[in-house]
file my_file.txt (compact mmCIF, C-alpha atoms)
# COMPACT_ATOMS: atom_id res chain seq x y z
CA MET E 26 26.69 -36.65 -84.38
CA LYS E 27 29.18 -35.12 -81.96
CA ALA E 28 30.22 -31.49 -82.36
CA ALA E 29 31.94 -28.64 -80.52
CA VAL E 30 29.27 -25.95 -80.09
CA TYR E 31 28.68 -22.73 -78.18
CA ASP E 32 25.61 -20.80 -77.06
CA VAL E 33 27.24 -17.46 -76.23
CA GLN E 34 30.44 -15.87 -77.50
CA GLY E 35 33.42 -15.77 -75.18
CA ALA E 36 36.60 -17.48 -74.03
CA PRO E 37 37.45 -21.01 -75.23
CA GLY E 38 35.57 -22.45 -72.27
CA VAL E 39 32.23 -21.61 -73.93
CA LEU E 40 32.79 -24.55 -76.29
CA LYS E 41 30.89 -27.72 -75.37
CA TYR E 42 31.23 -31.19 -76.88
CA VAL E 43 27.68 -32.48 -77.36
CA ASP E 44 25.33 -34.60 -79.47
CA ILE E 45 23.35 -32.70 -82.09
CA PRO E 46 21.29 -33.81 -85.12
CA ASP E 47 23.20 -34.86 -88.23
CA PRO E 48 23.32 -32.26 -91.03
CA VAL E 49 21.61 -33.01 -94.34
CA ALA E 50 23.20 -32.29 -97.69
CA GLY E 51 21.22 -29.84 -99.80
CA PRO E 52 20.87 -30.27 -103.58
CA ASP E 53 24.21 -28.53 -104.27
CA ASP E 54 26.05 -29.90 -101.23
CA VAL E 55 28.20 -32.82 -100.23
CA LEU E 56 28.09 -34.40 -96.78
CA ILE E 57 31.57 -35.03 -95.42
CA SER E 58 32.64 -37.46 -92.71
CA VAL E 59 35.23 -35.21 -91.11
CA GLU E 60 38.70 -36.59 -90.46
CA ALA E 61 40.65 -33.41 -89.66
CA ILE E 62 39.70 -29.84 -88.73
CA SER E 63 41.99 -26.83 -89.13
CA ILE E 64 41.51 -24.14 -86.48
CA GLU E 65 41.63 -20.85 -88.38
CA GLY E 66 42.13 -17.36 -87.00
CA GLY E 67 38.59 -16.46 -87.98
CA ASP E 68 37.27 -19.38 -85.91
CA LEU E 69 38.88 -17.89 -82.81
CA ILE E 70 37.61 -14.38 -83.56
CA ASN E 71 34.06 -15.61 -84.23
CA ARG E 72 33.91 -17.71 -81.08
CA ARG E 73 35.36 -14.89 -79.02
CA SER E 74 33.34 -11.95 -80.30
CA THR E 75 30.42 -12.92 -82.55
CA PRO E 76 27.07 -13.79 -80.92
CA PRO E 77 25.84 -17.09 -82.41
CA PRO E 78 22.61 -16.82 -84.43
CA HIS E 79 21.10 -19.72 -82.50
CA PRO E 80 22.06 -22.09 -79.65
CA SER E 81 24.43 -25.01 -80.27
CA TRP E 82 26.24 -23.05 -82.99
CA ILE E 83 29.08 -24.89 -84.71
CA VAL E 84 32.04 -22.69 -85.54
CA GLY E 85 34.72 -23.52 -88.12
CA TYR E 86 35.88 -22.67 -91.65
CA ALA E 87 38.02 -25.62 -92.74
CA ALA E 88 38.14 -29.42 -92.61
CA ALA E 89 38.89 -32.50 -94.69
CA GLY E 90 37.40 -35.95 -94.90
CA THR E 91 35.43 -38.38 -97.06
CA VAL E 92 32.22 -37.68 -98.96
CA VAL E 93 29.39 -39.88 -97.63
CA ALA E 94 26.45 -38.30 -99.51
CA VAL E 95 25.95 -35.94 -102.45
CA GLY E 96 23.09 -33.59 -103.31
CA ALA E 97 20.82 -34.16 -106.30
CA ASN E 98 22.51 -31.47 -108.42
CA VAL E 99 26.12 -32.46 -107.69
CA ARG E 100 28.04 -34.04 -110.57
CA SER E 101 31.63 -33.15 -109.65
CA ARG E 102 31.85 -35.29 -106.51
CA THR E 103 30.92 -38.88 -105.65
CA VAL E 104 30.59 -40.88 -102.46
CA GLY E 105 34.03 -42.00 -101.36
CA ASP E 106 35.93 -38.94 -102.64
CA ARG E 107 38.49 -37.54 -100.22
CA VAL E 108 38.05 -33.76 -100.08
CA ALA E 109 39.25 -30.61 -98.38
CA ALA E 110 36.49 -28.09 -97.72
CA PHE E 111 35.86 -24.47 -96.84
CA ASN E 112 32.65 -22.86 -95.63
CA MET E 113 31.72 -20.00 -93.32
CA GLN E 114 30.84 -22.26 -90.34
CA GLY E 115 30.28 -25.83 -89.25
CA SER E 116 33.65 -27.61 -89.44
CA HIS E 117 33.97 -28.45 -85.73
CA ALA E 118 31.89 -31.62 -86.04
CA GLU E 119 31.92 -35.26 -87.11
CA LEU E 120 29.79 -34.49 -90.20
CA TRP E 121 29.74 -31.35 -92.34
CA ALA E 122 27.44 -30.39 -95.22
CA VAL E 123 29.12 -27.90 -97.58
CA PRO E 124 28.59 -26.72 -101.16
CA ALA E 125 30.41 -29.01 -103.57
CA GLU E 126 31.96 -25.94 -105.21
CA ARG E 127 33.79 -25.25 -101.95
CA THR E 128 35.62 -28.58 -101.92
CA TRP E 129 38.87 -29.82 -103.47
CA LEU E 130 39.85 -33.40 -104.25
CA ILE E 131 42.75 -34.59 -102.10
CA PRO E 132 45.57 -36.18 -104.11
CA ASP E 133 47.10 -39.49 -103.08
CA GLY E 134 49.88 -39.00 -100.59
CA VAL E 135 48.32 -35.98 -98.84
CA GLU E 136 47.09 -36.55 -95.30
CA ALA E 137 43.70 -35.27 -94.17
CA ALA E 138 45.31 -32.89 -91.67
CA GLU E 139 47.47 -31.33 -94.38
CA ALA E 140 44.50 -31.02 -96.71
CA ALA E 141 42.35 -29.38 -94.03
CA VAL E 142 44.97 -26.68 -93.43
CA LEU E 143 46.01 -25.94 -97.02
CA PRO E 144 43.06 -24.17 -98.73
CA ILE E 145 42.84 -21.19 -96.37
CA SER E 146 46.52 -20.85 -95.45
CA PHE E 147 48.05 -21.41 -98.88
CA GLY E 148 45.06 -20.13 -100.87
CA THR E 149 45.19 -16.86 -98.96
CA ALA E 150 48.97 -16.55 -99.22
CA HIS E 151 48.94 -17.23 -102.97
CA HIS E 152 46.17 -14.71 -103.63
CA CYS E 153 47.87 -12.02 -101.51
CA LEU E 154 51.33 -12.55 -103.02
CA PHE E 155 50.52 -12.94 -106.69
CA THR E 156 46.96 -11.89 -107.58
CA ARG E 157 46.85 -8.79 -105.40
CA GLY E 158 50.51 -8.22 -104.51
CA MET E 159 51.83 -8.89 -108.04
CA LEU E 160 55.09 -10.23 -106.61
CA ARG E 161 57.85 -10.55 -109.19
CA HIS E 162 61.13 -12.45 -109.29
CA GLY E 163 63.90 -10.50 -107.61
CA GLU E 164 61.66 -8.34 -105.42
CA THR E 165 61.81 -8.18 -101.64
CA VAL E 166 58.77 -9.10 -99.54
CA LEU E 167 58.15 -8.59 -95.82
CA ILE E 168 55.84 -11.17 -94.22
CA GLN E 169 54.31 -10.25 -90.88
CA ALA E 170 53.26 -13.09 -88.52
CA ALA E 171 55.43 -15.45 -90.52
CA ALA E 172 55.02 -18.28 -87.99
CA GLY E 173 51.26 -18.45 -88.56
CA GLY E 174 49.49 -20.56 -91.17
CA VAL E 175 49.28 -17.84 -93.83
CA GLY E 176 52.77 -16.58 -92.99
CA LEU E 177 54.46 -19.97 -93.33
CA ALA E 178 52.70 -20.51 -96.64
CA ALA E 179 53.72 -17.06 -97.88
CA VAL E 180 57.36 -17.64 -96.93
CA GLN E 181 57.52 -20.81 -99.03
CA LEU E 182 55.61 -19.47 -102.03
CA ALA E 183 57.52 -16.18 -102.15
CA SER E 184 60.88 -17.91 -101.85
CA GLN E 185 60.03 -20.36 -104.62
CA ALA E 186 58.99 -17.41 -106.82
CA GLY E 187 62.49 -15.97 -106.54
CA ALA E 188 61.81 -13.20 -104.03
CA THR E 189 64.00 -12.15 -101.12
CA VAL E 190 61.93 -12.97 -98.03
CA ILE E 191 62.07 -11.10 -94.73
CA ALA E 192 60.02 -13.01 -92.15
CA VAL E 193 58.78 -11.48 -88.89
CA ALA E 194 58.06 -13.74 -85.93
CA SER E 195 58.29 -13.68 -82.15
CA GLY E 196 60.94 -15.74 -80.38
CA THR E 197 64.33 -17.04 -81.49
CA GLN E 198 63.12 -20.68 -81.59
CA ARG E 199 61.25 -20.03 -84.84
CA ARG E 200 64.26 -18.67 -86.71
CA SER E 201 65.76 -21.96 -87.90
CA ARG E 202 62.45 -23.31 -89.17
CA LEU E 203 61.65 -20.14 -91.11
CA LEU E 204 65.10 -20.15 -92.70
CA GLU E 205 64.62 -23.81 -93.59
CA LEU E 206 61.31 -23.00 -95.32
CA GLY E 207 62.85 -20.26 -97.45
CA ALA E 208 63.21 -17.03 -95.49
CA ASP E 209 66.37 -15.06 -96.24
CA HIS E 210 66.15 -12.96 -93.06
CA VAL E 211 64.17 -13.44 -89.85
CA VAL E 212 63.28 -10.58 -87.52
CA ASP E 213 62.44 -11.45 -83.92
CA ARG E 214 59.90 -8.73 -83.21
CA ALA E 215 60.20 -9.38 -79.47
CA ALA E 216 63.85 -8.31 -79.52
CA ASN E 217 64.25 -6.07 -82.57
CA ASN E 218 62.54 -3.13 -84.23
CA VAL E 219 61.01 -4.47 -87.43
CA VAL E 220 61.35 -1.25 -89.44
CA ASP E 221 64.98 -0.73 -88.42
CA SER E 222 65.79 -4.34 -89.32
CA VAL E 223 64.13 -4.00 -92.72
CA ARG E 224 66.08 -0.82 -93.45
CA GLN E 225 69.29 -2.65 -92.52
CA PHE E 226 68.53 -5.67 -94.74
CA THR E 227 67.48 -3.50 -97.71
CA HIS E 228 70.25 -0.89 -97.29
CA GLY E 229 67.62 1.75 -96.57
CA ALA E 230 65.45 1.07 -99.63
CA GLY E 231 62.51 -0.68 -97.95
CA VAL E 232 60.60 -3.66 -99.31
CA ASP E 233 58.60 -3.93 -102.54
CA LEU E 234 55.71 -5.82 -100.94
CA VAL E 235 54.33 -6.45 -97.45
CA ILE E 236 51.89 -9.22 -96.53
CA ASP E 237 50.20 -8.29 -93.24
CA PRO E 238 47.62 -10.64 -91.66
CA VAL E 239 47.87 -8.97 -88.23
CA GLY E 240 46.27 -5.54 -88.62
CA THR E 241 47.82 -3.90 -85.57
CA THR E 242 51.17 -3.98 -87.38
CA LEU E 243 49.97 -1.83 -90.31
CA PRO E 244 51.88 1.33 -89.24
CA ALA E 245 55.15 -0.63 -89.12
CA SER E 246 54.34 -2.36 -92.40
CA LEU E 247 53.84 0.99 -94.12
CA SER E 248 57.06 2.36 -92.64
CA ALA E 249 58.98 -0.64 -93.98
CA LEU E 250 57.59 -0.21 -97.50
CA ALA E 251 59.63 1.31 -100.31
CA PRO E 252 58.25 4.23 -102.34
CA GLU E 253 55.71 2.87 -104.87
CA GLY E 254 55.62 -0.37 -102.88
CA ARG E 255 52.51 -2.50 -102.25
CA LEU E 256 50.89 -3.50 -98.97
CA VAL E 257 48.34 -6.32 -98.82
CA PHE E 258 46.50 -6.58 -95.51
CA VAL E 259 44.39 -9.68 -94.94
CA GLY E 260 42.27 -10.33 -91.86
CA ASN E 261 42.82 -8.78 -88.47
CA ALA E 262 44.48 -11.40 -86.31
CA GLY E 263 45.66 -8.72 -83.90
CA GLY E 264 42.07 -7.72 -83.17
CA GLY E 265 42.84 -3.99 -83.01
CA SER E 266 41.97 -0.93 -85.03
CA LEU E 267 42.80 -0.88 -88.73
CA THR E 268 43.00 2.91 -88.75
CA VAL E 269 46.19 4.32 -90.30
CA ASP E 270 47.39 7.73 -91.44
CA LEU E 271 47.07 7.61 -95.25
CA TRP E 272 48.95 10.83 -95.94
CA PRO E 273 52.48 9.32 -95.87
CA PRO E 274 51.64 6.39 -98.21
CA MET E 275 49.94 8.79 -100.60
CA GLN E 276 53.07 10.97 -100.67
CA SER E 277 55.15 7.86 -101.37
CA ASN E 278 52.81 6.62 -104.12
CA GLN E 279 52.28 3.37 -102.26
CA THR E 280 49.38 0.99 -102.88
CA LEU E 281 47.27 -0.50 -100.06
CA MET E 282 45.07 -3.51 -100.85
CA GLY E 283 42.67 -5.32 -98.55
CA VAL E 284 41.85 -9.01 -98.94
CA PHE E 285 38.90 -10.89 -97.42
CA MET E 286 39.05 -14.45 -98.71
CA GLY E 287 35.57 -15.67 -97.72
CA PRO E 288 33.77 -14.86 -100.99
CA LEU E 289 36.78 -15.65 -103.19
CA PHE E 290 37.15 -19.42 -102.79
CA GLU E 291 34.60 -20.19 -105.50
CA ARG E 292 36.49 -18.11 -108.09
CA PRO E 293 38.11 -20.32 -110.73
CA GLY E 294 41.56 -18.80 -110.25
CA VAL E 295 41.55 -19.36 -106.50
CA ARG E 296 40.12 -22.86 -106.84
CA SER E 297 42.75 -23.89 -109.38
CA SER E 298 45.58 -22.44 -107.29
CA VAL E 299 44.45 -24.57 -104.32
CA ASP E 300 44.30 -27.65 -106.56
CA ASP E 301 47.83 -26.92 -107.78
CA MET E 302 49.16 -26.49 -104.25
CA LEU E 303 47.56 -29.73 -103.05
CA GLN E 304 49.47 -31.42 -105.88
CA ALA E 305 52.62 -29.60 -104.73
CA VAL E 306 52.18 -31.04 -101.22
CA ALA E 307 51.80 -34.52 -102.71
CA ALA E 308 55.02 -33.99 -104.69
CA GLY E 309 56.89 -32.65 -101.63
CA ARG E 310 57.47 -29.20 -103.10
CA ILE E 311 55.70 -27.34 -100.28
CA ARG E 312 55.09 -28.29 -96.66
CA VAL E 313 52.04 -27.79 -94.48
CA VAL E 314 53.24 -27.06 -90.94
CA ILE E 315 51.07 -28.40 -88.12
CA ASP E 316 52.10 -27.55 -84.57
CA ARG E 317 49.80 -29.89 -82.64
CA ILE E 318 46.79 -32.18 -83.07
CA PHE E 319 43.99 -32.35 -80.49
CA PRO E 320 40.90 -34.57 -80.31
CA LEU E 321 37.67 -32.72 -81.04
CA THR E 322 36.53 -33.67 -77.55
CA ASN E 323 39.14 -31.18 -76.31
CA ALA E 324 38.05 -28.33 -78.58
CA ALA E 325 38.16 -25.77 -75.76
CA GLU E 326 41.74 -26.76 -74.94
CA ALA E 327 42.68 -26.65 -78.63
CA HIS E 328 41.25 -23.13 -79.03
CA GLU E 329 43.04 -22.01 -75.86
CA PHE E 330 46.33 -23.37 -77.20
CA ALA E 331 45.82 -21.74 -80.60
CA GLU E 332 45.16 -18.37 -78.94
CA THR E 333 47.85 -18.30 -76.29
CA ALA E 334 50.70 -20.70 -77.07
CA LYS E 335 52.09 -18.90 -80.15
CA PRO E 336 52.15 -22.11 -82.20
CA LEU E 337 54.30 -22.58 -85.29
CA GLY E 338 51.74 -23.29 -87.99
CA ARG E 339 48.19 -24.52 -87.58
CA ILE E 340 46.42 -26.41 -84.82
CA VAL E 341 44.36 -29.37 -86.03
CA MET E 342 41.57 -31.33 -84.34
CA LYS E 343 40.39 -34.85 -85.16
CA PRO E 344 36.90 -36.21 -84.33

call {"tool": "encode", "arguments": {"input": "my_file.txt", "output": "structure tokens"}}
result
Amino acid sequence: MKAAVYDVQGAPGVLKYVDIPDPVAGPDDVLISVEAISIEGGDLINRRSTPPPHPSWIVGYAAAGTVVAVGANVRSRTVGDRVAAFNMQGSHAELWAVPAERTWLIPDGVEAAEAAVLPISFGTAHHCLFTRGMLRHGETVLIQAAAGGVGLAAVQLASQAGATVIAVASGTQRRSRLLELGADHVVDRAANNVVDSVRQFTHGAGVDLVIDPVGTTLPASLSALAPEGRLVFVGNAGGGSLTVDLWPPMQSNQTLMGVFMGPLFERPGVRSSVDDMLQAVAAGRIRVVIDRIFPLTNAAEAHEFAETAKPLGRIVMKP
């Protein structure tokens, strides 16, 4: 099969499009003929900074396609099923062997590209907002990096839950789309101070909940939080230090919660929430935003674009 691989960590140019042996489905796996690959933030971080355990390493957390083989122990999937999948590596390829328990059936009416993007973006946003963040109707939520995959999902889900949504993004061109998707206020962080804007929108009270997938924005997120508010930080897209001064949030009785989704996707609650949101896409109740689609042959260009172009939503590749 063809795959985008790398031998040493580094810039997008380390990716090579080559022939490698086909993967084999283990007893608990399904083998997927990949139709769409979602480039996730973790894919970029791994390629950039994590030495591969062996040459011709295939990066990638998320993809969707059709099941072409099933392992001996698998009863929940059959050949011909259309599935979205998550695993810790291997999506940047024509074929992908993943545990059946890390796949979701794709409803009719949902495209492979949408299905590839949804589990991580919307699954993460849902878990951060409701399971960890305990968002309630009528509360106010601040969403950092609102133009990213998790951010766009969080804007829609929070708005539909009856929250007031303050979305933070860079550049005025994103404002109209974020408002369309459910944001009540949009802060252009390139032109405005986020904390000052939040204080203005909330009449000095601060927000009840912050969703922060950036990491480097944690000090601002804490400053925007109301007393007894909650902060959920997920990932470290900014790539900087996660060190913060904990004395002020302690004095304000605030709650800080970290989320790392990797081990959570097999939990029944997370799995069922992803199934529900795939059905919501099919019904047109939520939208998966895809900025651009590249061929897998141009994986290096796709990674470069995802890192530097400040896309609105996810970048997808197709074999």

call {"tool": "closest_residue", "arguments": {"input": "my_file.txt", "among": "E:Val39, E:Leu143, E:Leu234, E:Ile311", "to": "Gly158 (chain E)", "atoms": "all atoms listed in the file"}}
result
E:Leu234

call {"tool": "closest_residue", "arguments": {"input": "my_file.txt", "among": "E:Leu56, E:Val235, E:Pro77, E:Ile83", "to": "Arg107 (chain E)", "atoms": "all atoms listed in the file"}}
result
E:Leu56

call {"tool": "closest_residue", "arguments": {"input": "my_file.txt", "among": "E:Leu337, E:Ile45, E:Met159, E:Ile168", "to": "Arg199 (chain E)", "atoms": "all atoms listed in the file"}}
result
E:Leu337

call {"tool": "closest_residue", "arguments": {"input": "my_file.txt", "among": "E:Val295, E:Val104, E:Ala118, E:Ala109", "to": "Leu321 (chain E)", "atoms": "all atoms listed in the file"}}
result
E:Ala118

call {"tool": "closest_residue", "arguments": {"input": "my_file.txt", "among": "E:Asp316, E:Glu60, E:Glu253, E:Glu205", "to": "Ala89 (chain E)", "atoms": "all atoms listed in the file"}}
result
E:Glu60

call {"tool": "closest_residue", "arguments": {"input": "my_file.txt", "among": "E:Ser101, E:Gln34, E:Ser195, E:Ser81", "to": "Leu69 (chain E)", "atoms": "only C-alpha atoms"}}
result
E:Gln34
